[in-house]
$ cat protein_14.cif   # mmCIF, C-alpha atoms
data_input
#
loop_
_atom_site.group_PDB
_atom_site.id
_atom_site.type_symbol
_atom_site.label_atom_id
_atom_site.label_comp_id
_atom_site.auth_asym_id
_atom_site.auth_seq_id
_atom_site.Cartn_x
_atom_site.Cartn_y
_atom_site.Cartn_z
ATOM 1 C CA ILE F 1 0.000 0.000 0.000
ATOM 2 C CA LYS F 2 1.364 3.358 -0.988
ATOM 3 C CA TYR F 3 1.291 6.328 1.350
ATOM 4 C CA HIS F 4 -1.307 8.279 -0.658
ATOM 5 C CA GLU F 5 -3.923 5.574 -1.074
ATOM 6 C CA LEU F 6 -7.266 5.134 0.652
ATOM 7 C CA PHE F 7 -8.977 1.746 0.915
ATOM 8 C CA ALA F 8 -12.472 0.910 2.109
ATOM 9 C CA TRP F 9 -14.561 -2.189 2.797
ATOM 10 C CA GLY F 10 -17.725 -3.105 4.655
ATOM 11 C CA PRO F 11 -21.377 -2.050 4.265
ATOM 12 C CA ASN F 12 -21.909 0.011 1.108
ATOM 13 C CA GLU F 13 -25.661 0.267 0.524
ATOM 14 C CA ARG F 14 -25.415 4.071 0.905
ATOM 15 C CA ALA F 15 -22.068 4.382 -0.950
ATOM 16 C CA GLN F 16 -20.297 4.964 2.357
ATOM 17 C CA CYS F 17 -17.206 3.147 1.047
ATOM 18 C CA GLY F 18 -16.778 5.695 -1.750
ATOM 19 C CA VAL F 19 -15.561 3.128 -4.267
ATOM 20 C CA GLY F 20 -17.809 4.356 -7.106
ATOM 21 C CA PHE F 21 -20.640 1.837 -6.956
ATOM 22 C CA LEU F 22 -23.483 0.784 -4.675
ATOM 23 C CA SER F 23 -23.620 -2.731 -3.220
ATOM 24 C CA ASP F 24 -24.668 -4.409 0.007
ATOM 25 C CA GLN F 25 -21.043 -5.023 0.961
ATOM 26 C CA VAL F 26 -17.530 -4.382 -0.254
ATOM 27 C CA LEU F 27 -16.007 -7.646 0.926
ATOM 28 C CA SER F 28 -12.303 -6.893 0.680
ATOM 29 C CA PRO F 29 -10.165 -3.750 0.903
ATOM 30 C CA THR F 30 -10.841 -1.786 -2.290
ATOM 31 C CA ARG F 31 -8.852 1.249 -3.329
ATOM 32 C CA ILE F 32 -10.798 4.504 -3.626
ATOM 33 C CA ASP F 33 -9.391 5.354 -7.034
ATOM 34 C CA SER F 34 -10.755 8.892 -7.206
ATOM 35 C CA MET F 35 -8.713 9.861 -4.125
ATOM 36 C CA SER F 36 -5.575 7.754 -4.362
ATOM 37 C CA ASN F 37 -2.263 9.352 -5.287
ATOM 38 C CA GLN F 38 -3.815 12.823 -5.570
ATOM 39 C CA TYR F 39 -3.918 14.013 -1.955
ATOM 40 C CA ARG F 40 -2.168 13.580 1.368
ATOM 41 C CA PHE F 41 -4.672 13.029 4.161
ATOM 42 C CA SER F 42 -4.503 14.282 7.698
ATOM 43 C CA HIS F 43 -7.822 12.751 8.849
ATOM 44 C CA VAL F 44 -10.328 10.181 7.691
ATOM 45 C CA ASP F 45 -13.611 9.642 9.523
ATOM 46 C CA VAL F 46 -16.040 6.879 8.675
ATOM 47 C CA GLY F 47 -19.580 6.496 9.896
ATOM 48 C CA TRP F 48 -22.389 4.033 9.426
ATOM 49 C CA THR F 49 -23.725 5.744 6.267
ATOM 50 C CA SER F 50 -21.239 8.479 5.319
ATOM 51 C CA SER F 51 -17.509 9.188 5.363
ATOM 52 C CA PHE F 52 -15.180 12.195 5.302
ATOM 53 C CA ALA F 53 -11.526 12.855 4.557
ATOM 54 C CA VAL F 54 -9.456 15.982 5.207
ATOM 55 C CA THR F 55 -6.296 16.669 3.236
ATOM 56 C CA GLU F 56 -3.131 18.274 4.544
ATOM 57 C CA GLN F 57 -4.201 21.315 2.482
ATOM 58 C CA HIS F 58 -7.461 21.468 4.524
ATOM 59 C CA GLN F 59 -9.745 20.316 1.708
ATOM 60 C CA VAL F 60 -12.724 18.325 2.950
ATOM 61 C CA PHE F 61 -14.220 15.452 0.941
ATOM 62 C CA CYS F 62 -17.421 13.572 1.720
ATOM 63 C CA TRP F 63 -19.316 10.593 0.334
ATOM 64 C CA GLY F 64 -22.201 8.318 1.225
ATOM 65 C CA SER F 65 -25.662 9.199 2.466
ATOM 66 C CA GLY F 66 -26.593 12.850 2.695
ATOM 67 C CA ARG F 67 -29.963 12.162 4.299
ATOM 68 C CA LEU F 68 -30.879 14.402 7.213
ATOM 69 C CA GLY F 69 -28.041 16.756 6.275
ATOM 70 C CA CYS F 70 -25.244 14.324 7.187
ATOM 71 C CA LEU F 71 -23.020 15.770 4.460
ATOM 72 C CA ALA F 72 -24.015 19.373 5.235
ATOM 73 C CA ASN F 73 -25.707 19.533 1.845
ATOM 74 C CA PRO F 74 -29.342 18.393 1.827
ATOM 75 C CA SER F 75 -29.483 18.365 -1.972
ATOM 76 C CA VAL F 76 -27.195 15.333 -2.327
ATOM 77 C CA GLY F 77 -29.636 12.743 -0.932
ATOM 78 C CA ASP F 78 -28.073 9.288 -1.161
ATOM 79 C CA GLY F 79 -25.013 10.397 -3.068
ATOM 80 C CA PRO F 80 -22.301 10.954 -3.905
ATOM 81 C CA ILE F 81 -21.022 7.440 -4.539
ATOM 82 C CA MET F 82 -17.464 8.750 -4.867
ATOM 83 C CA PRO F 83 -15.647 11.290 -2.696
ATOM 84 C CA THR F 84 -16.705 14.842 -3.564
ATOM 85 C CA GLU F 85 -15.059 18.002 -2.313
ATOM 86 C CA CYS F 86 -17.236 19.900 0.141
ATOM 87 C CA VAL F 87 -17.593 23.573 -0.628
ATOM 88 C CA PRO F 88 -17.931 26.215 2.085
ATOM 89 C CA LEU F 89 -21.511 27.198 2.834
#
$ encode --input "protein_14.cif" --output "structure tokens"
Amino acid sequence: IKYHELFAWGPNERAQCGVGFLSDQVLSPTRIDSMSNQYRFSHVDVGWTSSFAVTEQHQVFCWGSGRLGCLANPSVGDGPIMPTECVPL
């Protein structure tokens, strides 16, 4: 595993793994291609239905369920299925 890669596995019915597709489960560690080798991460936080990553440059990315405002953007609903940069409100 290279230093700049993110991997995810586990429940994925709300795209909380961020691997680019919906499924009941991601059974083995799967690289999040849209994030790997592009950023250096200072924090990654995963929840039951959504996930977040913060880069060393203080960019915030989110993915998974946006229901009930979990992603601070009520318009995203059950997306995005891949990490998307959060914009300041």
$ closest_residue --input "protein_14.cif" --among "F:Val87, F:Gly66, F:Met82, F:Trp48" --to "F:Ile32" --atoms "only C-alpha atoms"
F:Met82
$ resolve_selection --input "protein_14.cif" --expression "the PyMOL selection byres ((chain F and resi 85) around 6)" --output "list in words"
Val60, Phe61, Thr84 and Cys86 of chain F
$ closest_residue --input "protein_14.cif" --among "F:Gly47, F:Pro11, F:Gly64, F:Pro83" --to "F:Ser23" --atoms "only C-alpha atoms"
F:Pro11
$ atom_distance --input "protein_14.cif" --atom1 "atom CA of F:Pro29" --atom2 "atom CA of F:Cys17"
9.9 Å
$ closest_residue --input "protein_14.cif" --among "F:Trp63, F:Glu56, F:Gln25, F:Arg31" --to "F:Glu13" --atoms "all atoms listed in the file"
F:Gln25
$ atom_distance --input "protein_14.cif" --atom1 "atom CA of F:Ile81" --atom2 "atom CA of F:Ala15"
4.8 Å
$ closest_atom_pairs --input "protein_14.cif" --of "stretch 26-60 of chain F" --to "stretch 6-9 of chain F" --cutoff "8 Å" --atoms "all atoms listed in the file" --output "Markdown table"
| residue | atom | partner | partner_atom | distance |
| --- | --- | --- | --- | --- |
| F:Val26 | CA | F:Trp9 | CA | 4.8 |
| F:Leu27 | CA | F:Trp9 | CA | 5.9 |
| F:Ser28 | CA | F:Trp9 | CA | 5.6 |
| F:Pro29 | CA | F:Trp9 | CA | 5.0 |
| F:Thr30 | CA | F:Phe7 | CA | 5.1 |
| F:Arg31 | CA | F:Phe7 | CA | 4.3 |
| F:Ile32 | CA | F:Leu6 | CA | 5.6 |
| F:Asp33 | CA | F:Leu6 | CA | 8.0 |
| F:Met35 | CA | F:Leu6 | CA | 6.9 |
| F:Ser36 | CA | F:Leu6 | CA | 5.9 |
$ atom_distance --input "protein_14.cif" --atom1 "atom CA of F:Ser51" --atom2 "atom CA of F:Gly20"
13.4 Å
